[in-house]
$ cat start-v2.cif   # mmCIF, N, CA and C atoms
data_query
#
loop_
_atom_site.label_atom_id
_atom_site.label_comp_id
_atom_site.auth_asym_id
_atom_site.auth_seq_id
_atom_site.Cartn_x
_atom_site.Cartn_y
_atom_site.Cartn_z
N MET S 296 136.77 136.62 74.97
CA MET S 296 136.00 135.40 74.79
C MET S 296 136.00 134.96 73.34
N VAL S 297 135.83 135.92 72.41
CA VAL S 297 135.81 135.59 71.00
C VAL S 297 137.16 135.03 70.56
N GLY S 298 138.25 135.61 71.08
CA GLY S 298 139.59 135.13 70.75
C GLY S 298 139.79 133.68 71.15
N LYS S 299 139.23 133.27 72.29
CA LYS S 299 139.35 131.89 72.73
C LYS S 299 138.61 130.96 71.79
N LYS S 300 137.47 131.40 71.25
CA LYS S 300 136.71 130.57 70.31
C LYS S 300 137.54 130.30 69.05
N TYR S 301 138.27 131.32 68.57
CA TYR S 301 139.11 131.15 67.39
C TYR S 301 140.22 130.15 67.66
N ILE S 302 140.83 130.25 68.83
CA ILE S 302 141.93 129.35 69.17
C ILE S 302 141.42 127.92 69.28
N VAL S 303 140.30 127.73 69.96
CA VAL S 303 139.72 126.39 70.09
C VAL S 303 139.35 125.84 68.72
N GLY S 304 138.72 126.68 67.88
CA GLY S 304 138.35 126.26 66.53
C GLY S 304 139.56 125.87 65.71
N ALA S 305 140.63 126.66 65.83
CA ALA S 305 141.86 126.37 65.09
C ALA S 305 142.47 125.05 65.55
N LEU S 306 142.48 124.81 66.85
CA LEU S 306 143.04 123.56 67.37
C LEU S 306 142.20 122.36 66.94
N VAL S 307 140.89 122.49 66.95
CA VAL S 307 140.02 121.40 66.50
C VAL S 307 140.26 121.12 65.02
N CYS S 308 140.32 122.19 64.20
CA CYS S 308 140.59 122.02 62.77
C CYS S 308 141.94 121.35 62.56
N GLY S 309 142.93 121.80 63.28
CA GLY S 309 144.26 121.22 63.17
C GLY S 309 144.27 119.75 63.55
N PHE S 310 143.56 119.41 64.62
CA PHE S 310 143.47 118.02 65.05
C PHE S 310 142.80 117.16 64.00
N LEU S 311 141.67 117.65 63.46
CA LEU S 311 140.94 116.89 62.45
C LEU S 311 141.77 116.72 61.18
N LEU S 312 142.44 117.77 60.74
CA LEU S 312 143.28 117.67 59.55
C LEU S 312 144.44 116.72 59.79
N GLY S 313 145.01 116.77 60.97
CA GLY S 313 146.13 115.89 61.30
C GLY S 313 145.74 114.43 61.33
N ASN S 314 144.55 114.12 61.84
CA ASN S 314 144.09 112.74 61.90
C ASN S 314 143.69 112.20 60.54
N GLY S 315 143.43 113.09 59.59
CA GLY S 315 143.03 112.65 58.26
C GLY S 315 144.21 112.28 57.38
N MET S 316 145.44 112.51 57.84
CA MET S 316 146.62 112.21 57.03
C MET S 316 147.04 110.76 57.22
N PRO S 317 147.51 110.13 56.16
CA PRO S 317 148.00 108.76 56.29
C PRO S 317 149.19 108.69 57.25
N SER S 318 149.31 107.56 57.94
CA SER S 318 150.36 107.43 58.95
C SER S 318 151.75 107.39 58.36
N ALA S 319 151.91 107.12 57.07
CA ALA S 319 153.22 107.04 56.45
C ALA S 319 153.84 108.43 56.24
N HIS S 320 153.04 109.48 56.33
CA HIS S 320 153.54 110.83 56.13
C HIS S 320 153.86 111.49 57.46
N ALA S 321 154.87 112.32 57.44
CA ALA S 321 155.18 113.11 58.63
C ALA S 321 154.14 114.21 58.77
N ILE S 322 153.77 114.54 59.98
CA ILE S 322 152.78 115.58 60.22
C ILE S 322 153.50 116.88 60.52
N ASP S 323 153.20 117.90 59.75
CA ASP S 323 153.75 119.23 59.97
C ASP S 323 152.72 119.99 60.82
N LEU S 324 152.87 119.92 62.12
CA LEU S 324 151.91 120.50 63.04
C LEU S 324 151.73 121.99 62.82
N GLY S 325 152.81 122.68 62.49
CA GLY S 325 152.72 124.12 62.23
C GLY S 325 151.80 124.44 61.08
N SER S 326 151.89 123.69 59.99
CA SER S 326 151.02 123.91 58.83
C SER S 326 149.57 123.60 59.16
N ILE S 327 149.37 122.55 59.94
CA ILE S 327 148.01 122.17 60.30
C ILE S 327 147.36 123.25 61.16
N ILE S 328 148.07 123.72 62.15
CA ILE S 328 147.52 124.77 63.02
C ILE S 328 147.30 126.05 62.21
N LYS S 329 148.28 126.40 61.36
CA LYS S 329 148.15 127.59 60.52
C LYS S 329 146.92 127.46 59.62
N GLY S 330 146.73 126.28 59.02
CA GLY S 330 145.56 126.04 58.17
C GLY S 330 144.26 126.18 58.93
N GLY S 331 144.23 125.68 60.15
CA GLY S 331 143.04 125.80 60.98
C GLY S 331 142.73 127.24 61.34
N VAL S 332 143.78 128.01 61.64
CA VAL S 332 143.62 129.43 61.97
C VAL S 332 143.10 130.18 60.74
N ILE S 333 143.71 129.92 59.57
CA ILE S 333 143.26 130.58 58.34
C ILE S 333 141.80 130.26 58.07
N GLY S 334 141.42 128.98 58.22
CA GLY S 334 140.03 128.59 58.00
C GLY S 334 139.08 129.32 58.93
N ALA S 335 139.46 129.44 60.20
CA ALA S 335 138.61 130.13 61.17
C ALA S 335 138.49 131.61 60.85
N VAL S 336 139.61 132.23 60.45
CA VAL S 336 139.60 133.66 60.10
C VAL S 336 138.73 133.90 58.86
N VAL S 337 138.89 133.03 57.86
CA VAL S 337 138.08 133.17 56.63
C VAL S 337 136.60 133.02 56.96
N ASN S 338 136.24 131.98 57.71
CA ASN S 338 134.83 131.76 58.04
C ASN S 338 134.24 132.92 58.83
N ALA S 339 135.00 133.45 59.76
CA ALA S 339 134.50 134.53 60.61
C ALA S 339 134.38 135.86 59.87
N ASN S 340 135.19 136.05 58.83
CA ASN S 340 135.25 137.35 58.16
C ASN S 340 134.87 137.32 56.69
N ALA S 341 134.28 136.23 56.22
CA ALA S 341 133.98 136.08 54.79
C ALA S 341 133.12 137.23 54.26
N GLY S 342 132.09 137.62 55.00
CA GLY S 342 131.21 138.70 54.54
C GLY S 342 131.93 140.03 54.43
N SER S 343 132.76 140.33 55.41
CA SER S 343 133.52 141.58 55.41
C SER S 343 134.56 141.60 54.29
N ILE S 344 135.24 140.48 54.10
CA ILE S 344 136.23 140.37 53.03
C ILE S 344 135.55 140.54 51.67
N ASN S 345 134.41 139.89 51.50
CA ASN S 345 133.65 139.98 50.24
C ASN S 345 133.25 141.43 49.96
N SER S 346 132.74 142.11 50.97
CA SER S 346 132.34 143.51 50.80
C SER S 346 133.53 144.40 50.45
N ALA S 347 134.68 144.14 51.07
CA ALA S 347 135.88 144.94 50.80
C ALA S 347 136.35 144.74 49.35
N ILE S 348 136.34 143.50 48.89
CA ILE S 348 136.74 143.24 47.50
C ILE S 348 135.75 143.89 46.53
N ASN S 349 134.46 143.79 46.82
CA ASN S 349 133.46 144.42 45.96
C ASN S 349 133.64 145.94 45.94
N ALA S 350 134.03 146.53 47.06
CA ALA S 350 134.28 147.98 47.10
C ALA S 350 135.49 148.35 46.25
N ILE S 351 136.52 147.50 46.27
CA ILE S 351 137.71 147.76 45.45
C ILE S 351 137.35 147.72 43.96
N THR S 352 136.62 146.69 43.55
CA THR S 352 136.28 146.59 42.12
C THR S 352 135.33 147.72 41.70
N ALA S 353 134.44 148.14 42.59
CA ALA S 353 133.54 149.27 42.29
C ALA S 353 134.33 150.56 42.15
N LYS S 354 135.34 150.73 42.98
CA LYS S 354 136.18 151.94 42.94
C LYS S 354 136.82 152.12 41.56
N TYR S 355 137.19 151.00 40.93
CA TYR S 355 137.83 151.05 39.63
C TYR S 355 136.86 150.82 38.47
N GLY S 356 135.56 150.81 38.77
CA GLY S 356 134.54 150.68 37.74
C GLY S 356 134.47 149.32 37.08
N VAL S 357 134.90 148.27 37.78
CA VAL S 357 134.89 146.93 37.21
C VAL S 357 134.15 145.93 38.11
N SER S 358 133.12 146.42 38.80
CA SER S 358 132.41 145.53 39.71
C SER S 358 131.59 144.51 38.94
N SER S 359 131.30 143.41 39.60
CA SER S 359 130.54 142.31 38.99
C SER S 359 129.04 142.53 39.18
N THR S 360 128.29 142.13 38.18
CA THR S 360 126.83 142.15 38.32
C THR S 360 126.33 140.80 38.84
N ASP S 361 127.23 139.82 38.90
CA ASP S 361 126.88 138.50 39.43
C ASP S 361 127.01 138.48 40.95
N ALA S 362 126.52 137.42 41.55
CA ALA S 362 126.67 137.21 42.99
C ALA S 362 128.13 136.88 43.31
N THR S 363 128.59 137.28 44.49
CA THR S 363 129.95 136.96 44.94
C THR S 363 129.93 136.47 46.37
N LYS S 364 130.94 135.68 46.71
CA LYS S 364 131.15 135.30 48.11
C LYS S 364 132.59 134.87 48.28
N VAL S 365 133.05 134.86 49.52
CA VAL S 365 134.42 134.47 49.84
C VAL S 365 134.40 133.07 50.45
N VAL S 366 135.29 132.22 49.94
CA VAL S 366 135.42 130.83 50.39
C VAL S 366 136.89 130.54 50.71
N PRO S 367 137.16 129.52 51.53
CA PRO S 367 138.55 129.17 51.81
C PRO S 367 139.21 128.52 50.59
N ILE S 368 140.52 128.70 50.47
CA ILE S 368 141.31 128.00 49.46
C ILE S 368 141.88 126.76 50.13
N ILE S 369 141.70 125.60 49.48
CA ILE S 369 142.21 124.33 49.99
C ILE S 369 143.28 123.83 49.04
N THR S 370 144.44 123.45 49.58
CA THR S 370 145.51 122.96 48.73
C THR S 370 145.27 121.51 48.33
N VAL S 371 145.67 121.16 47.11
CA VAL S 371 145.39 119.84 46.58
C VAL S 371 146.15 118.72 47.29
N GLY S 372 147.35 118.97 47.76
CA GLY S 372 148.16 117.92 48.37
C GLY S 372 147.64 117.43 49.71
N ASP S 373 147.58 118.33 50.68
CA ASP S 373 147.24 117.91 52.03
C ASP S 373 145.92 118.46 52.54
N GLY S 374 145.21 119.25 51.74
CA GLY S 374 143.91 119.75 52.15
C GLY S 374 143.94 120.88 53.14
N THR S 375 145.12 121.45 53.41
CA THR S 375 145.18 122.55 54.36
C THR S 375 144.63 123.83 53.73
N ARG S 376 144.25 124.75 54.59
CA ARG S 376 143.72 126.03 54.13
C ARG S 376 144.88 126.95 53.79
N ALA S 377 144.78 127.64 52.65
CA ALA S 377 145.88 128.47 52.18
C ALA S 377 145.45 129.89 51.88
N GLY S 378 144.40 130.36 52.50
CA GLY S 378 143.91 131.71 52.24
C GLY S 378 142.44 131.67 51.88
N ALA S 379 142.02 132.64 51.09
CA ALA S 379 140.62 132.73 50.70
C ALA S 379 140.54 133.18 49.25
N ALA S 380 139.39 132.92 48.64
CA ALA S 380 139.15 133.35 47.27
C ALA S 380 137.73 133.90 47.18
N GLN S 381 137.57 134.91 46.33
CA GLN S 381 136.22 135.39 46.04
C GLN S 381 135.78 134.69 44.77
N VAL S 382 134.58 134.11 44.81
CA VAL S 382 134.00 133.47 43.63
C VAL S 382 132.83 134.32 43.15
N SER S 383 132.52 134.19 41.86
CA SER S 383 131.47 135.00 41.26
C SER S 383 130.70 134.17 40.24
N GLY S 384 129.40 134.43 40.16
CA GLY S 384 128.55 133.73 39.20
C GLY S 384 127.09 133.89 39.58
N PRO S 385 126.21 133.13 38.94
CA PRO S 385 124.79 133.17 39.30
C PRO S 385 124.60 132.75 40.76
N GLN S 386 123.67 133.38 41.46
CA GLN S 386 123.49 133.15 42.91
C GLN S 386 123.36 131.67 43.26
N ALA S 387 122.55 130.91 42.51
CA ALA S 387 122.35 129.49 42.83
C ALA S 387 123.66 128.71 42.72
N LYS S 388 124.49 129.04 41.75
CA LYS S 388 125.77 128.36 41.56
C LYS S 388 126.77 128.79 42.63
N VAL S 389 126.80 130.07 42.96
CA VAL S 389 127.70 130.58 44.00
C VAL S 389 127.36 129.93 45.34
N ASP S 390 126.09 129.73 45.61
CA ASP S 390 125.66 129.07 46.85
C ASP S 390 126.18 127.63 46.94
N GLN S 391 126.36 126.96 45.80
CA GLN S 391 126.88 125.59 45.78
C GLN S 391 128.38 125.53 46.07
N CYS S 392 129.08 126.61 45.82
CA CYS S 392 130.54 126.64 45.97
C CYS S 392 130.91 126.74 47.46
N LYS S 393 131.73 125.81 47.93
CA LYS S 393 132.14 125.78 49.34
C LYS S 393 133.61 126.12 49.55
N ALA S 394 134.42 126.01 48.48
CA ALA S 394 135.86 126.27 48.59
C ALA S 394 136.43 126.47 47.19
N ALA S 395 137.69 126.87 47.15
CA ALA S 395 138.45 126.92 45.90
C ALA S 395 139.63 125.99 46.07
N LEU S 396 139.79 125.08 45.13
CA LEU S 396 140.89 124.12 45.17
C LEU S 396 142.10 124.73 44.50
N LEU S 397 143.24 124.73 45.19
CA LEU S 397 144.49 125.27 44.66
C LEU S 397 145.38 124.13 44.19
N ILE S 398 145.71 124.16 42.90
CA ILE S 398 146.65 123.19 42.34
C ILE S 398 147.86 123.99 41.86
N GLU S 399 149.04 123.68 42.40
CA GLU S 399 150.27 124.35 41.98
C GLU S 399 151.09 123.37 41.16
N GLN S 400 151.54 123.83 40.00
CA GLN S 400 152.26 122.95 39.10
C GLN S 400 153.28 123.77 38.31
N THR S 401 154.43 123.18 38.05
CA THR S 401 155.41 123.81 37.17
C THR S 401 155.14 123.32 35.75
N ILE S 402 154.99 124.28 34.82
CA ILE S 402 154.67 123.93 33.44
C ILE S 402 155.69 124.56 32.50
N LEU S 403 155.76 124.04 31.31
CA LEU S 403 156.59 124.59 30.24
C LEU S 403 158.03 124.85 30.68
N GLY S 404 158.56 123.93 31.45
CA GLY S 404 159.97 123.99 31.82
C GLY S 404 160.35 125.05 32.83
N GLY S 405 159.46 125.46 33.69
CA GLY S 405 159.86 126.37 34.76
C GLY S 405 158.88 127.45 35.12
N ILE S 406 157.76 127.53 34.44
CA ILE S 406 156.74 128.52 34.78
C ILE S 406 155.85 127.93 35.87
N LYS S 407 155.72 128.64 36.98
CA LYS S 407 154.90 128.15 38.09
C LYS S 407 153.46 128.59 37.88
N ALA S 408 152.56 127.62 37.80
CA ALA S 408 151.13 127.89 37.61
C ALA S 408 150.38 127.60 38.91
N LYS S 409 149.48 128.51 39.27
CA LYS S 409 148.57 128.30 40.40
C LYS S 409 147.17 128.29 39.81
N VAL S 410 146.51 127.15 39.89
CA VAL S 410 145.18 126.98 39.32
C VAL S 410 144.17 126.96 40.46
N LEU S 411 143.18 127.84 40.40
CA LEU S 411 142.12 127.90 41.41
C LEU S 411 140.80 127.47 40.78
N ILE S 412 140.19 126.44 41.37
CA ILE S 412 138.97 125.86 40.82
C ILE S 412 137.88 125.91 41.89
N PRO S 413 136.72 126.52 41.59
CA PRO S 413 135.62 126.51 42.55
C PRO S 413 135.06 125.10 42.70
N ILE S 414 134.95 124.63 43.96
CA ILE S 414 134.49 123.26 44.21
C ILE S 414 133.33 123.25 45.21
N ASP S 415 132.68 122.09 45.29
CA ASP S 415 131.45 121.96 46.07
C ASP S 415 131.62 121.39 47.48
N LYS S 416 132.86 121.12 47.91
CA LYS S 416 133.09 120.56 49.25
C LYS S 416 134.30 121.21 49.89
N LEU S 417 134.40 121.08 51.20
CA LEU S 417 135.55 121.57 51.95
C LEU S 417 136.57 120.44 52.16
N SER S 418 136.85 119.70 51.09
CA SER S 418 137.82 118.62 51.16
C SER S 418 138.49 118.49 49.80
N THR S 419 139.42 117.55 49.70
CA THR S 419 140.07 117.32 48.41
C THR S 419 139.68 115.97 47.81
N SER S 420 138.72 115.30 48.41
CA SER S 420 138.28 114.02 47.86
C SER S 420 136.79 114.09 47.49
N ASP S 421 136.44 113.37 46.44
CA ASP S 421 135.06 113.30 45.96
C ASP S 421 134.47 114.69 45.73
N ILE S 422 135.23 115.53 45.05
CA ILE S 422 134.81 116.91 44.81
C ILE S 422 134.29 117.06 43.39
N ASN S 423 133.55 118.11 43.17
CA ASN S 423 133.06 118.46 41.85
C ASN S 423 133.33 119.94 41.61
N ARG S 424 133.74 120.25 40.40
CA ARG S 424 133.88 121.64 40.00
C ARG S 424 132.48 122.24 39.89
N VAL S 425 132.32 123.47 40.40
CA VAL S 425 131.04 124.16 40.27
C VAL S 425 131.09 124.93 38.95
N GLN S 426 130.41 124.38 37.94
CA GLN S 426 130.39 124.99 36.61
C GLN S 426 129.62 126.31 36.65
N GLY S 427 130.07 127.29 35.91
CA GLY S 427 129.40 128.58 35.85
C GLY S 427 129.86 129.56 36.92
N VAL S 428 130.82 129.14 37.77
CA VAL S 428 131.37 130.00 38.82
C VAL S 428 132.85 130.19 38.54
N GLY S 429 133.33 131.40 38.69
CA GLY S 429 134.74 131.68 38.49
C GLY S 429 135.37 132.26 39.74
N VAL S 430 136.67 132.10 39.87
CA VAL S 430 137.42 132.71 40.97
C VAL S 430 137.88 134.07 40.47
N CYS S 431 137.48 135.12 41.16
CA CYS S 431 137.81 136.48 40.70
C CYS S 431 138.77 137.22 41.62
N ALA S 432 139.10 136.65 42.78
CA ALA S 432 140.08 137.29 43.66
C ALA S 432 140.70 136.22 44.56
N SER S 433 141.97 136.43 44.88
CA SER S 433 142.69 135.55 45.79
C SER S 433 143.17 136.40 46.97
N ILE S 434 142.93 135.91 48.17
CA ILE S 434 143.28 136.66 49.38
C ILE S 434 144.29 135.84 50.17
N ASP S 435 145.47 136.41 50.40
CA ASP S 435 146.49 135.75 51.22
C ASP S 435 146.35 136.20 52.66
N ALA S 436 146.43 135.25 53.57
CA ALA S 436 146.37 135.57 55.00
C ALA S 436 147.74 135.33 55.61
N LYS S 437 148.34 136.35 56.15
CA LYS S 437 149.64 136.22 56.82
C LYS S 437 149.40 135.88 58.27
N ILE S 438 149.86 134.72 58.69
CA ILE S 438 149.69 134.27 60.08
C ILE S 438 151.06 134.14 60.71
#

$ encode --input "start-v2.cif" --output "structure tokens"
Amino acid sequence: MVGKKYIVGALVCGFLLGNGMPSAHAIDLGSIIKGGVIGAVVNANAGSINSAINAITAKYGVSSTDATKVVPIITVGDGTRAGAAQVSGPQAKVDQCKAALLIEQTILGGIKAKVLIPIDKLSTSDINRVQGVGVCASIDAKI
């Protein structure tokens, strides 16, 4: 039963993301469904993922004294989900953070940069950076 909820959630997310794209662009249905599945997995397991990352940092003696939580990573181009990120900072600021925005850019003639910015919405429009919060871990989901 739980598996069916994930599939339905993924299809709904994929449908909503697909309808939000301008009609002049081709729709990559595979990416949309994959993004929806990643979003559902992140939402369902955020607490467990957060605890696992905190256990890893504690094991190496570098744990954070600030609040942490796991949020989905949203790509800047099409808004699809691309994994998860752990954010860290004061509890009130961490609570404001809803996602991490991923901007990929080639800089300095060939160096690929991936910039992760904590943001206050689960979209790529009308967003604000959450000041005082940093991204301290990136989690890739293989689907």

$ residues_near_point --input "start-v2.cif" --point "(144.5, 129.6, 44.8)" --cutoff "6 Å" --atoms "all atoms listed in the file" --output "MDAnalysis selection string"
chainID S and resid 368 396:398 409:411

$ resolve_selection --input "start-v2.cif" --expression "the PyMOL selection byres (((chain S and resi 379-392 and name CA) around 9) and name CA)" --output "ChimeraX atom specification"
/S:333-334,337,341,344-345,348,359-369,376-378,393-395,411,413-416,424-436

$ atom_distance --input "start-v2.cif" --atom1 "atom CA of Ile422 of chain S" --atom2 "atom CA of Val371 of chain S"
11.1 Å

$ atom_distance --input "start-v2.cif" --atom1 "atom CA of Ala339 of chain S" --atom2 "atom CA of Leu417 of chain S"
15.6 Å

$ atom_distance --input "start-v2.cif" --atom1 "atom N of Lys407 of chain S" --atom2 "atom N of Thr370 of chain S"
17.7 Å

$ decode --input "start-v2.cif" --residues "segment 406-436 of chain S" --atoms "N, CA and C atoms" --output "PDB file, in the first residue's frame"
ATOM      1  N   ILE S 406      36.032  24.812 -15.790  1.00  0.00           N
ATOM      2  CA  ILE S 406      35.795  24.239 -14.468  1.00  0.00           C
ATOM      3  C   ILE S 406      34.288  24.224 -14.219  1.00  0.00           C
ATOM      4  N   LYS S 407      33.757  23.043 -13.907  1.00  0.00           N
ATOM      5  CA  LYS S 407      32.316  22.915 -13.674  1.00  0.00           C
ATOM      6  C   LYS S 407      32.014  23.219 -12.210  1.00  0.00           C
ATOM      7  N   ALA S 408      31.185  24.225 -11.979  1.00  0.00           N
ATOM      8  CA  ALA S 408      30.798  24.615 -10.624  1.00  0.00           C
ATOM      9  C   ALA S 408      29.350  24.209 -10.365  1.00  0.00           C
ATOM     10  N   LYS S 409      29.112  23.642  -9.192  1.00  0.00           N
ATOM     11  CA  LYS S 409      27.753  23.343  -8.736  1.00  0.00           C
ATOM     12  C   LYS S 409      27.533  24.181  -7.483  1.00  0.00           C
ATOM     13  N   VAL S 410      26.610  25.128  -7.569  1.00  0.00           N
ATOM     14  CA  VAL S 410      26.333  26.042  -6.475  1.00  0.00           C
ATOM     15  C   VAL S 410      25.011  25.634  -5.830  1.00  0.00           C
ATOM     16  N   LEU S 411      25.027  25.390  -4.528  1.00  0.00           N
ATOM     17  CA  LEU S 411      23.820  25.018  -3.785  1.00  0.00           C
ATOM     18  C   LEU S 411      23.461  26.155  -2.831  1.00  0.00           C
ATOM     19  N   ILE S 412      22.246  26.670  -2.976  1.00  0.00           N
ATOM     20  CA  ILE S 412      21.799  27.812  -2.194  1.00  0.00           C
ATOM     21  C   ILE S 412      20.528  27.430  -1.436  1.00  0.00           C
ATOM     22  N   PRO S 413      20.510  27.589  -0.101  1.00  0.00           N
ATOM     23  CA  PRO S 413      19.282  27.314   0.652  1.00  0.00           C
ATOM     24  C   PRO S 413      18.222  28.368   0.327  1.00  0.00           C
ATOM     25  N   ILE S 414      17.013  27.893  -0.041  1.00  0.00           N
ATOM     26  CA  ILE S 414      15.946  28.817  -0.436  1.00  0.00           C
ATOM     27  C   ILE S 414      14.667  28.545   0.351  1.00  0.00           C
ATOM     28  N   ASP S 415      13.732  29.490   0.244  1.00  0.00           N
ATOM     29  CA  ASP S 415      12.524  29.462   1.071  1.00  0.00           C
ATOM     30  C   ASP S 415      11.284  28.875   0.401  1.00  0.00           C
ATOM     31  N   LYS S 416      11.407  28.376  -0.838  1.00  0.00           N
ATOM     32  CA  LYS S 416      10.251  27.813  -1.545  1.00  0.00           C
ATOM     33  C   LYS S 416      10.657  26.559  -2.304  1.00  0.00           C
ATOM     34  N   LEU S 417       9.671  25.760  -2.656  1.00  0.00           N
ATOM     35  CA  LEU S 417       9.889  24.560  -3.468  1.00  0.00           C
ATOM     36  C   LEU S 417       9.659  24.872  -4.946  1.00  0.00           C
ATOM     37  N   SER S 418      10.216  25.985  -5.408  1.00  0.00           N
ATOM     38  CA  SER S 418      10.082  26.364  -6.811  1.00  0.00           C
ATOM     39  C   SER S 418      11.335  27.131  -7.212  1.00  0.00           C
ATOM     40  N   THR S 419      11.379  27.542  -8.471  1.00  0.00           N
ATOM     41  CA  THR S 419      12.519  28.335  -8.929  1.00  0.00           C
ATOM     42  C   THR S 419      12.120  29.771  -9.242  1.00  0.00           C
ATOM     43  N   SER S 420      10.905  30.153  -8.905  1.00  0.00           N
ATOM     44  CA  SER S 420      10.478  31.530  -9.150  1.00  0.00           C
ATOM     45  C   SER S 420      10.098  32.199  -7.827  1.00  0.00           C
ATOM     46  N   ASP S 421      10.361  33.487  -7.758  1.00  0.00           N
ATOM     47  CA  ASP S 421      10.040  34.299  -6.580  1.00  0.00           C
ATOM     48  C   ASP S 421      10.620  33.690  -5.301  1.00  0.00           C
ATOM     49  N   ILE S 422      11.879  33.312  -5.368  1.00  0.00           N
ATOM     50  CA  ILE S 422      12.542  32.666  -4.234  1.00  0.00           C
ATOM     51  C   ILE S 422      13.427  33.656  -3.496  1.00  0.00           C
ATOM     52  N   ASN S 423      13.753  33.324  -2.283  1.00  0.00           N
ATOM     53  CA  ASN S 423      14.676  34.102  -1.475  1.00  0.00           C
ATOM     54  C   ASN S 423      15.703  33.167  -0.863  1.00  0.00           C
ATOM     55  N   ARG S 424      16.937  33.614  -0.837  1.00  0.00           N
ATOM     56  CA  ARG S 424      17.981  32.876  -0.136  1.00  0.00           C
ATOM     57  C   ARG S 424      17.703  32.985   1.358  1.00  0.00           C
ATOM     58  N   VAL S 425      17.859  31.871   2.074  1.00  0.00           N
ATOM     59  CA  VAL S 425      17.695  31.894   3.523  1.00  0.00           C
ATOM     60  C   VAL S 425      19.072  32.217   4.112  1.00  0.00           C
ATOM     61  N   GLN S 426      19.238  33.466   4.537  1.00  0.00           N
ATOM     62  CA  GLN S 426      20.507  33.926   5.098  1.00  0.00           C
ATOM     63  C   GLN S 426      20.765  33.242   6.436  1.00  0.00           C
ATOM     64  N   GLY S 427      22.003  32.917   6.715  1.00  0.00           N
ATOM     65  CA  GLY S 427      22.363  32.285   7.978  1.00  0.00           C
ATOM     66  C   GLY S 427      22.263  30.771   7.957  1.00  0.00           C
ATOM     67  N   VAL S 428      21.880  30.198   6.800  1.00  0.00           N
ATOM     68  CA  VAL S 428      21.779  28.740   6.642  1.00  0.00           C
ATOM     69  C   VAL S 428      22.767  28.319   5.565  1.00  0.00           C
ATOM     70  N   GLY S 429      23.471  27.238   5.807  1.00  0.00           N
ATOM     71  CA  GLY S 429      24.410  26.719   4.822  1.00  0.00           C
ATOM     72  C   GLY S 429      24.060  25.302   4.420  1.00  0.00           C
ATOM     73  N   VAL S 430      24.483  24.912   3.237  1.00  0.00           N
ATOM     74  CA  VAL S 430      24.325  23.536   2.776  1.00  0.00           C
ATOM     75  C   VAL S 430      25.569  22.786   3.203  1.00  0.00           C
ATOM     76  N   CYS S 431      25.388  21.740   3.994  1.00  0.00           N
ATOM     77  CA  CYS S 431      26.547  21.008   4.533  1.00  0.00           C
ATOM     78  C   CYS S 431      26.676  19.588   3.991  1.00  0.00           C
ATOM     79  N   ALA S 432      25.695  19.108   3.227  1.00  0.00           N
ATOM     80  CA  ALA S 432      25.805  17.787   2.622  1.00  0.00           C
ATOM     81  C   ALA S 432      24.913  17.726   1.387  1.00  0.00           C
ATOM     82  N   SER S 433      25.360  16.967   0.402  1.00  0.00           N
ATOM     83  CA  SER S 433      24.593  16.737  -0.810  1.00  0.00           C
ATOM     84  C   SER S 433      24.363  15.234  -0.938  1.00  0.00           C
ATOM     85  N   ILE S 434      23.123  14.857  -1.197  1.00  0.00           N
ATOM     86  CA  ILE S 434      22.766  13.439  -1.272  1.00  0.00           C
ATOM     87  C   ILE S 434      22.244  13.158  -2.675  1.00  0.00           C
ATOM     88  N   ASP S 435      22.896  12.237  -3.385  1.00  0.00           N
ATOM     89  CA  ASP S 435      22.441  11.826  -4.713  1.00  0.00           C
ATOM     90  C   ASP S 435      21.536  10.618  -4.577  1.00  0.00           C
ATOM     91  N   ALA S 436      20.432  10.646  -5.311  1.00  0.00           N
ATOM     92  CA  ALA S 436      19.513   9.509  -5.311  1.00  0.00           C
ATOM     93  C   ALA S 436      19.579   8.833  -6.670  1.00  0.00           C
TER      94      ALA S 436
END
